[in-house]
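The structure under discussion appears below in the form of structure tokens.
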Amino acid sequence: MKLSAFGEKFAGNSGIVELMDDLGSALRDNPDMIFMGGGNPGRLPVVEAVFRQRLEAILADPAQRHSLFGVYQSPQGDRDFRNQLAGFLNRQFGWGLGAENIAVSNGSQSAFFILYNMFAGLMPDEEPRTIHLPLAPEYIGYGDIGLSADFFTATRPSIELLGDHLFKYHVDFSHLADAKNIGALCVSRPTNPTGNVLTDEEMSHLDAIARARHIPLIVDGAYGLPFPNIVFTEATPHWNDNTILTLSLSKLGLPGARTGIVVAREDIIRAFTNANTIVNLACGNMGPALARALFDSGEILSLGRDHIEPWYRERSQLAVRWFREQLGDLPYHIHRPEGAIFLWLWFEGMPITSQELYQRLKQRGVLVVPGHNFFVGLNEEWPHRNECIRVSYASDADAVKRGVAIIAEEVAKAYAAL
Ligand SMILES: Cc1ncc(COP(=O)(O)O)c(C=O)c1O
């Protein structure tokens, strides 16, 4: 089979494909594996009940059932849904949006494919531009999305040690200034994999840099603001006409509905929609049909505030407590959990790499994600990148507790070899 350059890049072996294959085959070989590796949201009965009732109501009504299954949605997404969402965001934050500022996508991942390649890669004057990630480590799913090579650049963060085995990454603005030929800045907030939530000050600073460079600031709100609100710190949702905010229904509990949302200036939405028409023709109807009433009534906020955020906050605190109990005096650090569904652990000076630790844990029936995969766009040597793992705490609490004990045993063994 002779593949094009695109075929070679996308159909061949990429980091994310290899990792996903490995995680998938590990689960097939051992169905009892403790799965702390994926991005699946937790199961919250209250939230599941809301979507189940909504689905039952749709299925019981022939007209709604037909519009769910029997019609193509417009490539920008159902107008009523976009109006409802714009109305909700305006009422809450005064962003002055209309339906023309919103596009729906088949999952936010597919929106990133289009947006990133719209702003970076080879420009019409042949100048290459990158998507710059101001705070590495960042979401693994960006890693292979570029149509051209060397698509990402990133700034290494500064590290603040907070005591009690906690630490926090900050954007190192002094080095961010060095980044050249950038097409857009992008941050996930809360950040996958670390659970970091960029402060309001960091966001305004990034906004000012993006404006000064005449490039957009892309904010990936898959876990955050304003929904599903898996945020444990004080943080204000950020949007203005130089920001592209991507949202998703996945972490609300609907990853199977594949619904992403892009909020941006009208000309950006028009460009995005044109590209989305070529790639996807239309968006799925399921997510908007299930969620629209939540935006209209504002219930989306109370679901996040009263159910989703407290559930993940409690889980994160439990997971930190279990790690503290199990890791004892080992030289470990945990990124302060400020949001999202993961803990990010840093084993300073560990004599084995995080990849080796991942392999050993897999043998022991625990799946995590080795941290080096998340340093997308950061090319400099830095031992830290091989000293971290990402652990999800969203699955069954007993399984997470057993997983934590096994991780601690393997880490202790690794340090014992020193
Ligand atoms: C930070 C972040 N952004 C985007 C996505 C993509 O989500 P989806 O395509 O399900 O909307 C994920 C999925 O885990 C994520 O963690």
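Every chain in the structure tokens has a letter given in the order shown (A, B, ...), and although residue numbers restart at 1 in each chain, ligands are simply numbered from 1 in the order shown.
Here the strand (DSSP E) residues in range 130-232 of chain A, by DSSP on the backbone, are Thr130, Ile131, His132, Leu133, Phe152, Thr153, Ala154, Ser158, Ile159, Glu160, Leu161, Leu162, Gly163, Leu166, Phe167, Lys168, Tyr169, His170, Ile182, Gly183, Ala184, Leu185, Cys186, Val187, Ser188, Leu217, Ile218, Val219 and Asp220 of chain A.
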Write a file of the selected residues as a PDB file, in the first residue's frame, keeping N, CA and C atoms.
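Here's the written file again_7.pdb:
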```
ATOM      1  N   THR A 130       3.414  27.319  14.570  1.00  0.00           N
ATOM      2  CA  THR A 130       3.071  26.234  15.493  1.00  0.00           C
ATOM      3  C   THR A 130       1.890  26.628  16.374  1.00  0.00           C
ATOM      4  N   ILE A 131       1.261  25.603  16.939  1.00  0.00           N
ATOM      5  CA  ILE A 131       0.371  25.816  18.072  1.00  0.00           C
ATOM      6  C   ILE A 131       1.280  25.797  19.292  1.00  0.00           C
ATOM      7  N   HIS A 132       1.238  26.851  20.078  1.00  0.00           N
ATOM      8  CA  HIS A 132       2.126  26.909  21.235  1.00  0.00           C
ATOM      9  C   HIS A 132       1.353  26.610  22.516  1.00  0.00           C
ATOM     10  N   LEU A 133       1.909  25.689  23.303  1.00  0.00           N
ATOM     11  CA  LEU A 133       1.291  25.297  24.566  1.00  0.00           C
ATOM     12  C   LEU A 133       2.065  26.001  25.683  1.00  0.00           C
ATOM     13  N   PHE A 152       3.841  21.501  17.119  1.00  0.00           N
ATOM     14  CA  PHE A 152       3.658  22.113  18.440  1.00  0.00           C
ATOM     15  C   PHE A 152       4.972  22.633  18.987  1.00  0.00           C
ATOM     16  N   THR A 153       4.883  23.716  19.739  1.00  0.00           N
ATOM     17  CA  THR A 153       5.969  24.133  20.610  1.00  0.00           C
ATOM     18  C   THR A 153       5.354  24.320  21.992  1.00  0.00           C
ATOM     19  N   ALA A 154       6.198  24.334  23.013  1.00  0.00           N
ATOM     20  CA  ALA A 154       5.657  24.431  24.368  1.00  0.00           C
ATOM     21  C   ALA A 154       6.657  25.127  25.260  1.00  0.00           C
ATOM     22  N   SER A 158       7.288  26.693  35.408  1.00  0.00           N
ATOM     23  CA  SER A 158       8.039  26.767  36.667  1.00  0.00           C
ATOM     24  C   SER A 158       7.282  25.909  37.679  1.00  0.00           C
ATOM     25  N   ILE A 159       8.032  25.447  38.689  1.00  0.00           N
ATOM     26  CA  ILE A 159       7.438  24.527  39.661  1.00  0.00           C
ATOM     27  C   ILE A 159       7.472  25.177  41.033  1.00  0.00           C
ATOM     28  N   GLU A 160       6.312  25.219  41.662  1.00  0.00           N
ATOM     29  CA  GLU A 160       6.252  25.742  43.037  1.00  0.00           C
ATOM     30  C   GLU A 160       6.004  24.559  43.967  1.00  0.00           C
ATOM     31  N   LEU A 161       6.919  24.365  44.911  1.00  0.00           N
ATOM     32  CA  LEU A 161       6.709  23.307  45.912  1.00  0.00           C
ATOM     33  C   LEU A 161       5.847  23.890  47.024  1.00  0.00           C
ATOM     34  N   LEU A 162       4.744  23.207  47.319  1.00  0.00           N
ATOM     35  CA  LEU A 162       3.764  23.793  48.250  1.00  0.00           C
ATOM     36  C   LEU A 162       3.847  23.198  49.646  1.00  0.00           C
ATOM     37  N   GLY A 163       4.715  22.230  49.846  1.00  0.00           N
ATOM     38  CA  GLY A 163       4.790  21.550  51.145  1.00  0.00           C
ATOM     39  C   GLY A 163       3.790  20.408  51.179  1.00  0.00           C
ATOM     40  N   LEU A 166       2.893  18.418  48.028  1.00  0.00           N
ATOM     41  CA  LEU A 166       2.128  18.982  46.898  1.00  0.00           C
ATOM     42  C   LEU A 166       3.013  19.960  46.114  1.00  0.00           C
ATOM     43  N   PHE A 167       2.725  20.089  44.834  1.00  0.00           N
ATOM     44  CA  PHE A 167       3.402  21.114  44.026  1.00  0.00           C
ATOM     45  C   PHE A 167       2.420  21.672  43.018  1.00  0.00           C
ATOM     46  N   LYS A 168       2.838  22.760  42.360  1.00  0.00           N
ATOM     47  CA  LYS A 168       1.977  23.360  41.330  1.00  0.00           C
ATOM     48  C   LYS A 168       2.840  23.929  40.211  1.00  0.00           C
ATOM     49  N   TYR A 169       2.402  23.681  38.978  1.00  0.00           N
ATOM     50  CA  TYR A 169       3.050  24.299  37.821  1.00  0.00           C
ATOM     51  C   TYR A 169       2.477  25.694  37.604  1.00  0.00           C
ATOM     52  N   HIS A 170       3.359  26.597  37.163  1.00  0.00           N
ATOM     53  CA  HIS A 170       2.909  27.924  36.736  1.00  0.00           C
ATOM     54  C   HIS A 170       3.448  28.198  35.335  1.00  0.00           C
ATOM     55  N   ILE A 182       4.331  31.608  16.061  1.00  0.00           N
ATOM     56  CA  ILE A 182       3.199  30.918  16.672  1.00  0.00           C
ATOM     57  C   ILE A 182       1.904  31.300  15.948  1.00  0.00           C
ATOM     58  N   GLY A 183       1.047  30.273  15.706  1.00  0.00           N
ATOM     59  CA  GLY A 183      -0.245  30.541  15.063  1.00  0.00           C
ATOM     60  C   GLY A 183      -1.368  30.719  16.067  1.00  0.00           C
ATOM     61  N   ALA A 184      -1.229  30.097  17.233  1.00  0.00           N
ATOM     62  CA  ALA A 184      -2.232  30.240  18.307  1.00  0.00           C
ATOM     63  C   ALA A 184      -1.611  29.734  19.593  1.00  0.00           C
ATOM     64  N   LEU A 185      -2.126  30.248  20.701  1.00  0.00           N
ATOM     65  CA  LEU A 185      -1.768  29.690  22.011  1.00  0.00           C
ATOM     66  C   LEU A 185      -2.908  28.776  22.418  1.00  0.00           C
ATOM     67  N   CYS A 186      -2.590  27.668  23.095  1.00  0.00           N
ATOM     68  CA  CYS A 186      -3.682  26.813  23.570  1.00  0.00           C
ATOM     69  C   CYS A 186      -3.392  26.271  24.964  1.00  0.00           C
ATOM     70  N   VAL A 187      -4.408  26.343  25.804  1.00  0.00           N
ATOM     71  CA  VAL A 187      -4.307  25.758  27.151  1.00  0.00           C
ATOM     72  C   VAL A 187      -5.573  24.962  27.434  1.00  0.00           C
ATOM     73  N   SER A 188      -5.417  23.852  28.170  1.00  0.00           N
ATOM     74  CA  SER A 188      -6.621  23.219  28.702  1.00  0.00           C
ATOM     75  C   SER A 188      -6.773  23.707  30.146  1.00  0.00           C
ATOM     76  N   LEU A 217      -6.228  32.940  21.351  1.00  0.00           N
ATOM     77  CA  LEU A 217      -5.976  32.097  22.524  1.00  0.00           C
ATOM     78  C   LEU A 217      -7.085  31.037  22.528  1.00  0.00           C
ATOM     79  N   ILE A 218      -6.676  29.759  22.410  1.00  0.00           N
ATOM     80  CA  ILE A 218      -7.661  28.669  22.404  1.00  0.00           C
ATOM     81  C   ILE A 218      -7.711  28.100  23.819  1.00  0.00           C
ATOM     82  N   VAL A 219      -8.891  28.066  24.392  1.00  0.00           N
ATOM     83  CA  VAL A 219      -9.046  27.554  25.756  1.00  0.00           C
ATOM     84  C   VAL A 219      -9.892  26.291  25.687  1.00  0.00           C
ATOM     85  N   ASP A 220      -9.287  25.183  26.084  1.00  0.00           N
ATOM     86  CA  ASP A 220      -9.971  23.887  26.051  1.00  0.00           C
ATOM     87  C   ASP A 220     -10.645  23.696  27.413  1.00  0.00           C
TER      88      ASP A 220
END
```
Considering only C-alpha atoms, give me a table of residues in range 270-318 of chain A that are at most 9 Å from range 376-397 of chain A, with the closest atom pair and distance in Å for each, as JSON lines.
```
{"residue": "A:Tyr312", "atom": "CA", "partner": "A:Ala394", "partner_atom": "CA", "distance": 7.4}
{"residue": "A:Arg315", "atom": "CA", "partner": "A:Tyr393", "partner_atom": "CA", "distance": 6.5}
{"residue": "A:Ser316", "atom": "CA", "partner": "A:Tyr393", "partner_atom": "CA", "distance": 6.7}
{"residue": "A:Leu318", "atom": "CA", "partner": "A:Ala397", "partner_atom": "CA", "distance": 8.7}
```
Let me have all residues with an atom within 9 Å of ligand 1, counting only C-alpha atoms and all ligand atoms, laid out as a ChimeraX atom specification. /A:38-41,105-112,138-142,187-193,220-223,246-251,254-261,340
Residues from last step as file, N, CA and C atoms, as a CSV table (one decimal), in the first residue's frame:
```csv
chain,number,residue,atom,x,y,z
A,38,GLY,N,-7.6,5.9,31.6
A,38,GLY,CA,-8.4,6.6,30.5
A,38,GLY,C,-9.0,7.9,31.0
A,39,GLY,N,-9.7,8.5,30.1
A,39,GLY,CA,-10.4,9.7,30.4
A,39,GLY,C,-11.9,9.6,30.6
A,40,ASN,N,-12.3,8.4,30.8
A,40,ASN,CA,-13.8,8.2,31.0
A,40,ASN,C,-14.2,9.0,32.3
A,41,PRO,N,-15.4,9.6,32.2
A,41,PRO,CA,-15.9,10.3,33.3
A,41,PRO,C,-16.5,9.3,34.4
A,105,SER,N,-19.6,20.4,17.3
A,105,SER,CA,-18.7,19.5,16.5
A,105,SER,C,-19.0,18.1,17.1
A,106,ASN,N,-18.5,17.1,16.3
A,106,ASN,CA,-18.6,15.7,16.7
A,106,ASN,C,-17.5,15.4,17.8
A,107,GLY,N,-17.7,15.9,19.0
A,107,GLY,CA,-16.6,15.8,20.0
A,107,GLY,C,-15.7,16.9,19.9
A,108,SER,N,-15.1,17.4,21.0
A,108,SER,CA,-14.2,18.5,20.9
A,108,SER,C,-12.9,18.1,20.2
A,109,GLN,N,-12.5,16.8,20.3
A,109,GLN,CA,-11.3,16.3,19.7
A,109,GLN,C,-11.3,16.7,18.2
A,110,SER,N,-12.5,16.4,17.5
A,110,SER,CA,-12.5,16.7,16.1
A,110,SER,C,-12.5,18.2,15.8
A,111,ALA,N,-13.0,19.0,16.8
A,111,ALA,CA,-12.9,20.5,16.6
A,111,ALA,C,-11.4,20.9,16.7
A,112,PHE,N,-10.7,20.3,17.6
A,112,PHE,CA,-9.2,20.6,17.7
A,112,PHE,C,-8.5,20.3,16.4
A,138,GLU,N,0.7,19.0,28.7
A,138,GLU,CA,-0.6,19.3,28.2
A,138,GLU,C,-1.3,18.0,27.7
A,139,TYR,N,-2.5,18.1,27.2
A,139,TYR,CA,-3.3,17.0,26.8
A,139,TYR,C,-2.7,16.2,25.7
A,140,ILE,N,-2.6,14.9,26.0
A,140,ILE,CA,-1.9,13.9,25.0
A,140,ILE,C,-2.6,13.9,23.7
A,141,GLY,N,-3.9,14.2,23.7
A,141,GLY,CA,-4.7,14.1,22.4
A,141,GLY,C,-4.4,15.1,21.4
A,142,TYR,N,-3.7,16.2,21.8
A,142,TYR,CA,-3.2,17.2,20.8
A,142,TYR,C,-2.1,16.6,20.0
A,187,VAL,N,-4.4,26.3,25.8
A,187,VAL,CA,-4.3,25.8,27.2
A,187,VAL,C,-5.6,25.0,27.4
A,188,SER,N,-5.4,23.9,28.2
A,188,SER,CA,-6.6,23.2,28.7
A,188,SER,C,-6.8,23.7,30.1
A,189,ARG,N,-8.0,24.0,30.5
A,189,ARG,CA,-8.3,24.7,31.8
A,189,ARG,C,-9.5,24.1,32.4
A,190,PRO,N,-9.6,23.2,33.4
A,190,PRO,CA,-8.4,22.6,34.0
A,190,PRO,C,-7.6,21.8,33.0
A,191,THR,N,-6.3,21.6,33.4
A,191,THR,CA,-5.4,20.9,32.5
A,191,THR,C,-5.5,19.4,32.7
A,192,ASN,N,-5.6,18.7,31.6
A,192,ASN,CA,-5.3,17.3,31.5
A,192,ASN,C,-3.9,17.2,31.1
A,193,PRO,N,-3.0,16.7,31.8
A,193,PRO,CA,-3.1,15.6,32.8
A,193,PRO,C,-3.0,16.1,34.2
A,220,ASP,N,-9.3,25.2,26.1
A,220,ASP,CA,-10.0,23.9,26.1
A,220,ASP,C,-10.6,23.7,27.4
A,221,GLY,N,-12.0,23.8,27.4
A,221,GLY,CA,-12.7,23.8,28.7
A,221,GLY,C,-13.4,22.4,28.9
A,222,ALA,N,-12.8,21.3,28.4
A,222,ALA,CA,-13.4,20.0,28.4
A,222,ALA,C,-13.9,19.6,29.8
A,223,TYR,N,-13.1,20.0,30.8
A,223,TYR,CA,-13.4,19.7,32.2
A,223,TYR,C,-14.0,20.9,33.0
A,246,THR,N,-13.4,26.0,23.6
A,246,THR,CA,-14.0,24.8,23.2
A,246,THR,C,-14.6,24.1,24.5
A,247,LEU,N,-15.8,23.6,24.3
A,247,LEU,CA,-16.5,22.9,25.4
A,247,LEU,C,-16.9,21.5,24.9
A,248,SER,N,-17.3,20.7,25.9
A,248,SER,CA,-17.7,19.3,25.5
A,248,SER,C,-18.7,18.8,26.5
A,249,LEU,N,-19.6,17.9,25.9
A,249,LEU,CA,-20.5,17.3,26.8
A,249,LEU,C,-20.0,16.0,27.4
A,250,SER,N,-18.8,15.6,27.0
A,250,SER,CA,-18.2,14.3,27.4
A,250,SER,C,-18.1,14.1,28.9
A,251,LYS,N,-17.5,15.1,29.5
A,251,LYS,CA,-17.2,14.9,31.0
A,251,LYS,C,-18.4,15.1,31.8
A,254,LEU,N,-21.4,12.2,28.9
A,254,LEU,CA,-21.9,11.8,27.6
A,254,LEU,C,-20.8,11.6,26.6
A,255,PRO,N,-19.7,10.9,26.9
A,255,PRO,CA,-18.7,10.8,25.9
A,255,PRO,C,-19.1,10.1,24.7
A,256,GLY,N,-20.1,9.2,24.8
A,256,GLY,CA,-20.6,8.4,23.7
A,256,GLY,C,-21.5,9.3,22.7
A,257,ALA,N,-21.9,10.5,23.2
A,257,ALA,CA,-22.8,11.3,22.3
A,257,ALA,C,-21.9,12.1,21.4
A,258,ARG,N,-20.6,12.2,21.6
A,258,ARG,CA,-19.6,12.9,20.8
A,258,ARG,C,-20.1,14.3,20.5
A,259,THR,N,-20.1,15.1,21.5
A,259,THR,CA,-20.6,16.5,21.2
A,259,THR,C,-19.6,17.5,21.8
A,260,GLY,N,-19.0,18.3,20.9
A,260,GLY,CA,-18.1,19.4,21.3
A,260,GLY,C,-18.8,20.7,20.9
A,261,ILE,N,-18.3,21.8,21.5
A,261,ILE,CA,-18.9,23.1,21.2
A,261,ILE,C,-17.8,24.1,21.1
A,340,ALA,N,-10.4,18.7,37.0
A,340,ALA,CA,-10.3,17.5,36.1
A,340,ALA,C,-10.5,16.3,36.9
```
Which one is closest to Arg43 in chain A: A:Leu303, A:Ile308, A:Val411, A:Leu147? Count only C-alpha atoms.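 Closest to Arg43 in chain A, using only C-alpha atoms: A:Ile308.
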Residue list (helix (DSSP H, G or I), DSSP) for range 64-258 of chain A, as a PyMOL selection string: chain A and resi 64-69+79-93+99-101+108-119+140-142+173-176+200-213+250-252+255-257
Looking at only C-alpha atoms, which of A:Pro128, A:Val262, A:Leu23, A:Glu8 is the one that sits closest to Met36 in chain A?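 Closest to Met36 in chain A, using only C-alpha atoms: A:Leu23.
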